[in-house]
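A.B. asks: data.pdb is reproduced below (PDB, C-alpha atoms, pLDDT in the B column).
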MODEL        1
ATOM      1  CA  MET A   1      77.019 -45.088 -65.925  1.00 88.00           C
ATOM      2  CA  THR A   2      76.934 -46.333 -62.329  1.00 93.00           C
ATOM      3  CA  HIS A   3      79.337 -49.164 -61.572  1.00 95.00           C
ATOM      4  CA  ILE A   4      78.062 -51.526 -58.866  1.00 97.00           C
ATOM      5  CA  ALA A   5      80.006 -54.424 -57.356  1.00 97.00           C
ATOM      6  CA  ILE A   6      78.409 -57.413 -55.648  1.00 97.00           C
ATOM      7  CA  CYS A   7      80.753 -59.346 -53.356  1.00 96.00           C
ATOM      8  CA  ASP A   8      79.241 -62.554 -51.984  1.00 94.00           C
ATOM      9  CA  ASP A   9      80.471 -66.147 -51.906  1.00 92.00           C
ATOM     10  CA  GLU A  10      77.028 -67.537 -52.794  1.00 93.00           C
ATOM     11  CA  GLU A  11      76.841 -67.633 -56.576  1.00 94.00           C
ATOM     12  CA  GLN A  12      73.062 -68.055 -56.565  1.00 95.00           C
ATOM     13  CA  PHE A  13      72.639 -64.917 -54.459  1.00 95.00           C
ATOM     14  CA  VAL A  14      74.942 -62.926 -56.742  1.00 96.00           C
ATOM     15  CA  THR A  15      72.783 -63.962 -59.708  1.00 97.00           C
ATOM     16  CA  HIS A  16      69.650 -62.946 -57.796  1.00 96.00           C
ATOM     17  CA  MET A  17      71.106 -59.540 -56.922  1.00 96.00           C
ATOM     18  CA  SER A  18      72.224 -58.974 -60.494  1.00 97.00           C
ATOM     19  CA  GLU A  19      68.694 -59.670 -61.711  1.00 97.00           C
ATOM     20  CA  LEU A  20      67.213 -57.247 -59.171  1.00 97.00           C
ATOM     21  CA  LEU A  21      69.642 -54.523 -60.254  1.00 97.00           C
ATOM     22  CA  LYS A  22      68.814 -55.182 -63.899  1.00 97.00           C
ATOM     23  CA  ARG A  23      65.120 -54.768 -63.108  1.00 97.00           C
ATOM     24  CA  TYR A  24      65.857 -51.527 -61.229  1.00 97.00           C
ATOM     25  CA  ALA A  25      67.814 -50.177 -64.196  1.00 96.00           C
ATOM     26  CA  GLU A  26      64.999 -51.046 -66.605  1.00 95.00           C
ATOM     27  CA  GLU A  27      62.329 -49.421 -64.422  1.00 95.00           C
ATOM     28  CA  THR A  28      64.250 -46.246 -63.585  1.00 93.00           C
ATOM     29  CA  GLY A  29      66.291 -45.715 -66.739  1.00 92.00           C
ATOM     30  CA  GLU A  30      69.537 -45.649 -64.754  1.00 93.00           C
ATOM     31  CA  GLU A  31      72.590 -46.958 -66.594  1.00 93.00           C
ATOM     32  CA  ILE A  32      74.078 -49.632 -64.336  1.00 96.00           C
ATOM     33  CA  ARG A  33      77.071 -51.891 -64.814  1.00 96.00           C
ATOM     34  CA  VAL A  34      77.439 -54.837 -62.422  1.00 97.00           C
ATOM     35  CA  THR A  35      80.667 -56.646 -61.558  1.00 97.00           C
ATOM     36  CA  ALA A  36      80.588 -59.798 -59.418  1.00 97.00           C
ATOM     37  CA  TYR A  37      83.199 -60.877 -56.889  1.00 96.00           C
ATOM     38  CA  TYR A  38      82.923 -64.147 -54.976  1.00 95.00           C
ATOM     39  CA  ASP A  39      85.284 -63.441 -52.083  1.00 92.00           C
ATOM     40  CA  GLY A  40      86.602 -60.466 -50.176  1.00 92.00           C
ATOM     41  CA  MET A  41      90.185 -61.141 -51.212  1.00 92.00           C
ATOM     42  CA  GLU A  42      89.176 -61.199 -54.863  1.00 93.00           C
ATOM     43  CA  LEU A  43      87.561 -57.776 -54.455  1.00 93.00           C
ATOM     44  CA  ILE A  44      90.650 -56.411 -52.695  1.00 90.00           C
ATOM     45  CA  GLU A  45      93.142 -57.780 -55.204  1.00 88.00           C
ATOM     46  CA  LYS A  46      91.098 -56.835 -58.268  1.00 89.00           C
ATOM     47  CA  TYR A  47      89.642 -53.605 -56.939  1.00 86.00           C
ATOM     48  CA  ASP A  48      88.480 -51.196 -59.625  1.00 85.00           C
ATOM     49  CA  THR A  49      88.413 -47.524 -58.624  1.00 74.00           C
ATOM     50  CA  THR A  50      85.542 -46.859 -61.048  1.00 83.00           C
ATOM     51  CA  ILE A  51      83.202 -48.735 -58.691  1.00 87.00           C
ATOM     52  CA  ASP A  52      80.580 -46.407 -57.218  1.00 91.00           C
ATOM     53  CA  LEU A  53      78.742 -48.762 -54.862  1.00 95.00           C
ATOM     54  CA  ILE A  54      79.504 -52.159 -53.306  1.00 95.00           C
ATOM     55  CA  PHE A  55      77.003 -54.668 -51.953  1.00 96.00           C
ATOM     56  CA  LEU A  56      79.256 -56.554 -49.556  1.00 93.00           C
ATOM     57  CA  ASP A  57      78.383 -59.769 -47.722  1.00 91.00           C
ATOM     58  CA  ILE A  58      79.687 -59.787 -44.165  1.00 87.00           C
ATOM     59  CA  GLN A  59      79.878 -63.558 -43.715  1.00 82.00           C
ATOM     60  CA  MET A  60      82.236 -65.013 -46.322  1.00 82.00           C
ATOM     61  CA  ARG A  61      84.470 -68.037 -45.962  1.00 77.00           C
ATOM     62  CA  MET A  62      87.872 -66.638 -46.970  1.00 74.00           C
ATOM     63  CA  VAL A  63      87.973 -62.936 -46.054  1.00 76.00           C
ATOM     64  CA  ASP A  64      84.828 -61.607 -44.387  1.00 79.00           C
ATOM     65  CA  GLY A  65      83.095 -58.403 -45.366  1.00 82.00           C
ATOM     66  CA  LEU A  66      84.268 -56.334 -42.415  1.00 84.00           C
ATOM     67  CA  ARG A  67      87.954 -57.026 -43.067  1.00 88.00           C
ATOM     68  CA  THR A  68      87.320 -56.457 -46.759  1.00 91.00           C
ATOM     69  CA  ALA A  69      85.686 -53.091 -46.004  1.00 88.00           C
ATOM     70  CA  ALA A  70      88.697 -52.038 -43.928  1.00 87.00           C
ATOM     71  CA  HIS A  71      91.000 -52.686 -46.902  1.00 84.00           C
ATOM     72  CA  ILE A  72      88.640 -51.002 -49.365  1.00 84.00           C
ATOM     73  CA  ARG A  73      88.429 -47.852 -47.247  1.00 81.00           C
ATOM     74  CA  GLN A  74      92.224 -47.565 -47.421  1.00 73.00           C
ATOM     75  CA  MET A  75      92.009 -47.576 -51.225  1.00 73.00           C
ATOM     76  CA  ASP A  76      88.810 -45.617 -51.736  1.00 70.00           C
ATOM     77  CA  GLU A  77      87.264 -43.208 -49.258  1.00 68.00           C
ATOM     78  CA  ARG A  78      84.239 -42.328 -51.361  1.00 73.00           C
ATOM     79  CA  VAL A  79      82.836 -45.614 -52.665  1.00 82.00           C
ATOM     80  CA  GLY A  80      79.403 -46.494 -51.271  1.00 88.00           C
ATOM     81  CA  LEU A  81      79.095 -49.581 -49.062  1.00 91.00           C
ATOM     82  CA  ILE A  82      75.936 -51.538 -48.292  1.00 90.00           C
ATOM     83  CA  PHE A  83      76.485 -54.621 -46.163  1.00 88.00           C
ATOM     84  CA  LEU A  84      74.588 -57.846 -46.652  1.00 89.00           C
ATOM     85  CA  THR A  85      74.049 -60.180 -43.699  1.00 83.00           C
ATOM     86  CA  THR A  86      71.750 -62.793 -42.232  1.00 78.00           C
ATOM     87  CA  LEU A  87      72.516 -61.644 -38.673  1.00 66.00           C
ATOM     88  CA  THR A  88      71.376 -58.244 -37.404  1.00 57.00           C
ATOM     89  CA  GLN A  89      74.184 -57.901 -34.832  1.00 52.00           C
ATOM     90  CA  TYR A  90      76.735 -57.315 -37.596  1.00 51.00           C
ATOM     91  CA  GLY A  91      74.918 -54.302 -38.946  1.00 47.00           C
ATOM     92  CA  LEU A  92      76.042 -51.674 -36.442  1.00 49.00           C
ATOM     93  CA  GLU A  93      79.670 -52.798 -36.688  1.00 52.00           C
ATOM     94  CA  GLY A  94      79.514 -52.107 -40.407  1.00 47.00           C
ATOM     95  CA  TYR A  95      78.982 -48.395 -39.801  1.00 48.00           C
ATOM     96  CA  ARG A  96      82.605 -48.174 -38.622  1.00 54.00           C
ATOM     97  CA  TYR A  97      83.475 -48.306 -42.316  1.00 50.00           C
ATOM     98  CA  GLN A  98      81.055 -45.519 -43.330  1.00 53.00           C
ATOM     99  CA  ALA A  99      78.547 -47.999 -44.696  1.00 57.00           C
ATOM    100  CA  GLN A 100      75.396 -46.429 -46.048  1.00 63.00           C
ATOM    101  CA  ASP A 101      73.230 -49.225 -44.660  1.00 73.00           C
ATOM    102  CA  TYR A 102      72.943 -52.953 -44.172  1.00 75.00           C
ATOM    103  CA  ILE A 103      70.384 -55.352 -45.584  1.00 83.00           C
ATOM    104  CA  ILE A 104      69.191 -58.580 -43.997  1.00 84.00           C
ATOM    105  CA  LYS A 105      69.219 -61.456 -46.460  1.00 87.00           C
ATOM    106  CA  PRO A 106      67.291 -62.707 -48.341  1.00 88.00           C
ATOM    107  CA  ILE A 107      66.583 -59.466 -50.157  1.00 91.00           C
ATOM    108  CA  LYS A 108      63.417 -58.571 -52.038  1.00 93.00           C
ATOM    109  CA  TYR A 109      63.094 -56.062 -54.859  1.00 95.00           C
ATOM    110  CA  VAL A 110      61.128 -53.512 -52.824  1.00 94.00           C
ATOM    111  CA  ARG A 111      64.004 -53.244 -50.320  1.00 92.00           C
ATOM    112  CA  LEU A 112      66.654 -53.060 -53.021  1.00 94.00           C
ATOM    113  CA  LYS A 113      64.735 -50.308 -54.811  1.00 95.00           C
ATOM    114  CA  ALA A 114      64.455 -48.287 -51.602  1.00 92.00           C
ATOM    115  CA  GLU A 115      68.208 -48.601 -50.988  1.00 92.00           C
ATOM    116  CA  MET A 116      69.096 -47.687 -54.556  1.00 95.00           C
ATOM    117  CA  ASP A 117      66.746 -44.693 -54.595  1.00 93.00           C
ATOM    118  CA  GLN A 118      68.296 -43.424 -51.374  1.00 90.00           C
ATOM    119  CA  TRP A 119      71.834 -44.000 -52.610  1.00 91.00           C
ATOM    120  CA  PHE A 120      71.233 -42.139 -55.869  1.00 90.00           C
ATOM    121  CA  ARG A 121      69.742 -39.188 -53.952  1.00 86.00           C
ATOM    122  CA  ARG A 122      72.789 -38.977 -51.681  1.00 83.00           C
ATOM    123  CA  HIS A 123      75.274 -39.629 -54.472  1.00 78.00           C
ATOM    124  CA  ARG A 124      73.873 -36.882 -56.674  1.00 73.00           C
ATOM    125  CA  ARG A 125      73.784 -34.390 -53.809  1.00 61.00           C
ATOM    126  CA  ASP A 126      77.408 -35.067 -52.837  1.00 59.00           C
ATOM    127  CA  ASP A 127      78.844 -35.694 -56.264  1.00 63.00           C
ATOM    128  CA  SER A 128      80.948 -33.009 -57.912  1.00 72.00           C
ATOM    129  CA  PRO A 129      79.317 -31.611 -61.073  1.00 80.00           C
ATOM    130  CA  SER A 130      80.650 -33.129 -64.266  1.00 77.00           C
ATOM    131  CA  ILE A 131      80.002 -33.278 -67.982  1.00 81.00           C
ATOM    132  CA  ALA A 132      80.426 -36.096 -70.447  1.00 77.00           C
ATOM    133  CA  VAL A 133      82.094 -35.478 -73.800  1.00 82.00           C
ATOM    134  CA  ALA A 134      83.030 -37.808 -76.612  1.00 78.00           C
ATOM    135  CA  ASN A 135      85.516 -37.787 -79.452  1.00 84.00           C
ATOM    136  CA  ASP A 136      87.161 -40.319 -81.746  1.00 86.00           C
ATOM    137  CA  THR A 137      89.191 -41.803 -78.894  1.00 76.00           C
ATOM    138  CA  GLY A 138      86.272 -42.436 -76.538  1.00 69.00           C
ATOM    139  CA  ARG A 139      83.883 -40.963 -73.986  1.00 67.00           C
ATOM    140  CA  TYR A 140      85.124 -38.885 -71.051  1.00 73.00           C
ATOM    141  CA  LYS A 141      83.651 -37.799 -67.733  1.00 67.00           C
ATOM    142  CA  ILE A 142      85.104 -34.407 -66.822  1.00 79.00           C
ATOM    143  CA  ILE A 143      84.827 -33.137 -63.249  1.00 79.00           C
ATOM    144  CA  LEU A 144      84.148 -29.425 -63.650  1.00 89.00           C
ATOM    145  CA  LYS A 145      86.342 -28.314 -60.763  1.00 87.00           C
ATOM    146  CA  SER A 146      89.317 -29.750 -62.680  1.00 86.00           C
ATOM    147  CA  LEU A 147      88.444 -27.928 -65.921  1.00 94.00           C
ATOM    148  CA  ARG A 148      90.502 -24.713 -66.160  1.00 96.00           C
ATOM    149  CA  TYR A 149      89.263 -23.354 -69.464  1.00 97.00           C
ATOM    150  CA  VAL A 150      87.891 -24.225 -72.887  1.00 98.00           C
ATOM    151  CA  GLU A 151      89.239 -22.853 -76.153  1.00 97.00           C
ATOM    152  CA  THR A 152      88.365 -23.240 -79.815  1.00 96.00           C
ATOM    153  CA  PHE A 153      90.703 -25.577 -81.644  1.00 93.00           C
ATOM    154  CA  ASN A 154      90.542 -26.448 -85.358  1.00 90.00           C
ATOM    155  CA  ARG A 155      86.774 -25.872 -85.485  1.00 90.00           C
ATOM    156  CA  ASN A 156      86.342 -27.974 -82.358  1.00 95.00           C
ATOM    157  CA  LEU A 157      86.950 -27.318 -78.672  1.00 96.00           C
ATOM    158  CA  LEU A 158      89.947 -28.157 -76.533  1.00 96.00           C
ATOM    159  CA  LEU A 159      89.147 -28.721 -72.860  1.00 96.00           C
ATOM    160  CA  HIS A 160      92.082 -27.996 -70.561  1.00 96.00           C
ATOM    161  CA  THR A 161      91.756 -30.095 -67.393  1.00 90.00           C
ATOM    162  CA  GLU A 162      94.180 -30.699 -64.543  1.00 86.00           C
ATOM    163  CA  GLN A 163      94.888 -34.178 -65.897  1.00 77.00           C
ATOM    164  CA  GLU A 164      94.915 -33.757 -69.679  1.00 83.00           C
ATOM    165  CA  ASN A 165      93.624 -31.797 -72.662  1.00 92.00           C
ATOM    166  CA  ILE A 166      90.581 -33.310 -74.357  1.00 88.00           C
ATOM    167  CA  ILE A 167      89.117 -32.596 -77.778  1.00 94.00           C
ATOM    168  CA  CYS A 168      85.363 -32.020 -77.853  1.00 92.00           C
ATOM    169  CA  TYR A 169      83.084 -31.696 -80.870  1.00 92.00           C
ATOM    170  CA  LYS A 170      80.484 -29.437 -79.248  1.00 91.00           C
ATOM    171  CA  SER A 171      80.179 -25.776 -80.211  1.00 93.00           C
ATOM    172  CA  MET A 172      81.412 -23.012 -77.937  1.00 95.00           C
ATOM    173  CA  LYS A 173      77.866 -21.660 -77.583  1.00 94.00           C
ATOM    174  CA  GLU A 174      76.611 -25.069 -76.491  1.00 94.00           C
ATOM    175  CA  MET A 175      79.452 -25.466 -74.011  1.00 96.00           C
ATOM    176  CA  GLU A 176      78.849 -21.972 -72.646  1.00 95.00           C
ATOM    177  CA  ARG A 177      75.186 -22.806 -71.996  1.00 94.00           C
ATOM    178  CA  LYS A 178      76.161 -25.994 -70.166  1.00 92.00           C
ATOM    179  CA  LEU A 179      78.817 -24.400 -67.958  1.00 95.00           C
ATOM    180  CA  GLN A 180      77.638 -20.873 -67.178  1.00 90.00           C
ATOM    181  CA  GLU A 181      75.818 -21.932 -63.987  1.00 91.00           C
ATOM    182  CA  TYR A 182      79.041 -23.511 -62.685  1.00 93.00           C
ATOM    183  CA  GLY A 183      81.203 -20.385 -62.676  1.00 93.00           C
ATOM    184  CA  PHE A 184      82.453 -20.461 -66.283  1.00 96.00           C
ATOM    185  CA  VAL A 185      82.442 -17.194 -68.242  1.00 96.00           C
ATOM    186  CA  ARG A 186      83.156 -16.374 -71.878  1.00 96.00           C
ATOM    187  CA  CYS A 187      85.992 -13.829 -71.871  1.00 95.00           C
ATOM    188  CA  HIS A 188      86.712 -14.034 -75.592  1.00 96.00           C
ATOM    189  CA  THR A 189      85.116 -15.508 -78.702  1.00 95.00           C
ATOM    190  CA  SER A 190      87.589 -18.370 -78.416  1.00 96.00           C
ATOM    191  CA  TYR A 191      87.814 -18.810 -74.628  1.00 97.00           C
ATOM    192  CA  LEU A 192      85.548 -19.939 -71.799  1.00 97.00           C
ATOM    193  CA  VAL A 193      87.203 -19.690 -68.371  1.00 97.00           C
ATOM    194  CA  ASN A 194      86.589 -21.276 -64.981  1.00 96.00           C
ATOM    195  CA  LEU A 195      86.539 -18.278 -62.613  1.00 95.00           C
ATOM    196  CA  GLY A 196      87.881 -20.463 -59.826  1.00 93.00           C
ATOM    197  CA  TYR A 197      91.253 -20.526 -61.582  1.00 95.00           C
ATOM    198  CA  VAL A 198      91.595 -16.766 -62.178  1.00 95.00           C
ATOM    199  CA  LYS A 199      94.565 -15.355 -60.264  1.00 93.00           C
ATOM    200  CA  ALA A 200      94.935 -11.855 -61.712  1.00 93.00           C
ATOM    201  CA  VAL A 201      93.519  -9.454 -64.285  1.00 92.00           C
ATOM    202  CA  SER A 202      95.755  -7.034 -66.198  1.00 90.00           C
ATOM    203  CA  SER A 203      95.419  -3.306 -65.477  1.00 82.00           C
ATOM    204  CA  LYS A 204      93.430  -2.710 -68.635  1.00 83.00           C
ATOM    205  CA  ALA A 205      91.519  -5.990 -68.246  1.00 80.00           C
ATOM    206  CA  LEU A 206      92.724  -7.229 -71.630  1.00 90.00           C
ATOM    207  CA  GLU A 207      94.086 -10.495 -70.297  1.00 94.00           C
ATOM    208  CA  ILE A 208      93.807 -12.710 -67.239  1.00 95.00           C
ATOM    209  CA  THR A 209      96.373 -14.922 -65.561  1.00 96.00           C
ATOM    210  CA  LEU A 210      95.319 -18.274 -64.139  1.00 95.00           C
ATOM    211  CA  VAL A 211      96.754 -19.850 -61.001  1.00 94.00           C
ATOM    212  CA  THR A 212      98.688 -22.152 -63.326  1.00 94.00           C
ATOM    213  CA  GLY A 213     100.472 -19.173 -64.917  1.00 95.00           C
ATOM    214  CA  GLU A 214      98.560 -19.486 -68.191  1.00 96.00           C
ATOM    215  CA  VAL A 215      97.524 -16.181 -69.770  1.00 96.00           C
ATOM    216  CA  ILE A 216      94.113 -15.888 -71.458  1.00 96.00           C
ATOM    217  CA  PRO A 217      93.032 -12.926 -73.605  1.00 96.00           C
ATOM    218  CA  VAL A 218      89.949 -10.867 -72.824  1.00 95.00           C
ATOM    219  CA  SER A 219      88.257  -9.299 -75.844  1.00 94.00           C
ATOM    220  CA  GLN A 220      86.869  -5.765 -75.798  1.00 93.00           C
ATOM    221  CA  PRO A 221      83.220  -6.846 -76.416  1.00 93.00           C
ATOM    222  CA  LYS A 222      83.382  -9.417 -73.599  1.00 93.00           C
ATOM    223  CA  ARG A 223      85.354  -7.353 -71.075  1.00 93.00           C
ATOM    224  CA  LYS A 224      82.510  -5.576 -69.233  1.00 92.00           C
ATOM    225  CA  GLU A 225      80.397  -8.701 -68.733  1.00 92.00           C
ATOM    226  CA  PHE A 226      83.441 -10.749 -67.768  1.00 93.00           C
ATOM    227  CA  MET A 227      84.549  -8.276 -65.100  1.00 93.00           C
ATOM    228  CA  GLU A 228      81.024  -8.085 -63.693  1.00 92.00           C
ATOM    229  CA  ARG A 229      80.774 -11.859 -63.467  1.00 92.00           C
ATOM    230  CA  LEU A 230      84.221 -12.108 -61.898  1.00 92.00           C
ATOM    231  CA  ALA A 231      83.355  -9.486 -59.262  1.00 91.00           C
ATOM    232  CA  GLU A 232      80.116 -11.304 -58.489  1.00 90.00           C
ATOM    233  CA  TYR A 233      81.948 -14.631 -58.210  1.00 87.00           C
ATOM    234  CA  LEU A 234      84.636 -13.246 -55.903  1.00 83.00           C
ATOM    235  CA  GLY A 235      81.989 -11.611 -53.738  1.00 80.00           C
ATOM    236  CA  GLU A 236      80.292 -14.972 -53.253  1.00 73.00           C
ATOM    237  CA  GLN A 237      83.575 -16.503 -52.075  1.00 65.00           C
ATOM    238  CA  LEU A 238      83.977 -14.013 -49.192  1.00 53.00           C
TER     239      LEU A 238
ENDMDL
END
What would the structure in this file look like if it were written as structure tokens?
C.D. replies:
Amino acid sequence: MTHIAICDDEEQFVTHMSELLKRYAEETGEEIRVTAYYDGMELIEKYDTTIDLIFLDIQMRMVDGLRTAAHIRQMDERVGLIFLTTLTQYGLEGYRYQAQDYIIKPIKYVRLKAEMDQWFRRHRRDDSPSIAVANDTGRYKIILKSLRYVETFNRNLLLHTEQENIICYKSMKEMERKLQEYGFVRCHTSYLVNLGYVKAVSSKALEITLVTGEVIPVSQPKRKEFMERLAEYLGEQL
């Protein structure tokens, strides 16, 4: 789900933008959530770090878009910014805040679609790989570089991330297929390890130690393939 904020003090324009984004979502199949803000200060005070992209009007009565962008950049370095303006001279100033682009109002669907297509291309190229998992408590987006290892747990899986441990109802084989291209290797029937966290391997290669100090067993049937994959991974890091 992509979370998009529209910040503009013209309610009619916000409605128009929301309708254009809804049309884009319907035509492309993208899952988009839109949140409206009607002043820069409102966006600053109620800022939500789940926002991926902000359409930000430069000319607003209370706090203008440029001052708003300065505050937002202090809170979030990665959120996308597209400025909205009726005056072209403001556009170049907006790039000081790492804006992706600026759009001259009024905006038509063809221009919005072009901006959204470009943003999604950039966002997907720069975005860290992740997977989505669900359990009885909700749905989770897990950034793979924070996932240390996966282990079987009461007929389910337990995903050990830097932030928390999360139960997952997928099978180990399914998880292995999803993660093998991202540097995860099965070292045991019950364990799938992120090679980026491996610190040491025991002399007989029967267990590995992660950078966190956790010790993971390596089974005899998996040992040869695991060591080969680890050597290949380490060679790529040099």
A.B. asks: I need the residue nearest Arg148 of chain A from this list: A:Leu53, A:Ile103, A:Val211, A:Met172. Use all atoms listed in the file for the distance.
C.D. replies: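 Ranked by minimum distance to Arg148 of chain A, first place goes to A:Val211.
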A.B. asks: Could you check which of A:Glu174, A:Glu27, A:Glu181, A:Asp57 is closest to Asn156 of chain A, using all atoms listed in the file?
C.D. replies: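 Residue with the minimum atom-to-atom distance to Asn156 of chain A: A:Glu174.
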A.B. asks: Smallest atom-to-atom distance to Asn135 of chain A: which of A:Ile4, A:Ala36, A:Leu159, A:Ile216, using only C-alpha atoms?
C.D. replies: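 For Asn135 of chain A, the nearest of the candidates is A:Leu159.
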A.B. asks: Nearest to Leu147 of chain A among A:Asn194, A:Tyr102, A:Glu19, A:Cys187, with distances taken over only C-alpha atoms: which residue is it?
C.D. replies: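 Smallest separation from Leu147 of chain A among the options: A:Asn194.
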A.B. asks: Any chance you could work out the axis-aligned box around segment 141-154 of chain A, listed atoms only, 5 Å on each side, giving centre and edge lengths in Å to one decimal, as JSON?
C.D. replies:
{"center_x": 87.2, "center_y": -30.3, "center_z": -73.1, "size_x": 17.1, "size_y": 24.9, "size_z": 34.6}
A.B. asks: Expand the PyMOL selection byres ((chain A and resi 162) around 7) into the explicit residue set it covers here, and present it as a list in words.
C.D. replies: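 Applied to this file, the PyMOL selection byres ((chain A and resi 162) around 7) selects Ser146, Leu147, His160, Thr161, Gln163 and Glu164 of chain A.
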A.B. asks: Any chance you could work out the residue set of the PyMOL selection byres ((chain A and resi 109-123) around 12) here, as number ranges by chain?
C.D. replies: A: 1-2, 4, 16-28, 30-32, 52-55, 78-84, 99-108, 124-129
A.B. asks: For Glu176 of chain A, please output as JSON, numbers by chain all residues within 9 Å (counting all atoms listed in the file; exclusion window: fewer than 4 positions along the same chain).
C.D. replies: {"A": [171, 172, 180, 184, 185, 186, 192]}
A.B. asks: For the provided coordinates, the residues matched by the PyMOL selection byres ((chain A and resi 63) around 10) should be stated as a list in words.
C.D. replies: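 Checking the PyMOL selection byres ((chain A and resi 63) around 10) against this file, the residues are Asp39, Gly40, Met41, Glu42, Leu43, Ile44, Ile58, Gln59, Met60, Arg61, Met62, Asp64, Gly65, Leu66, Arg67 and Thr68 of chain A.
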A.B. asks: Grab the atom CA of Leu158 of chain A to atom CA of Val198 of chain A distance for me, in Å with one decimal place.
C.D. replies: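 So the answer is 18.4 Å.
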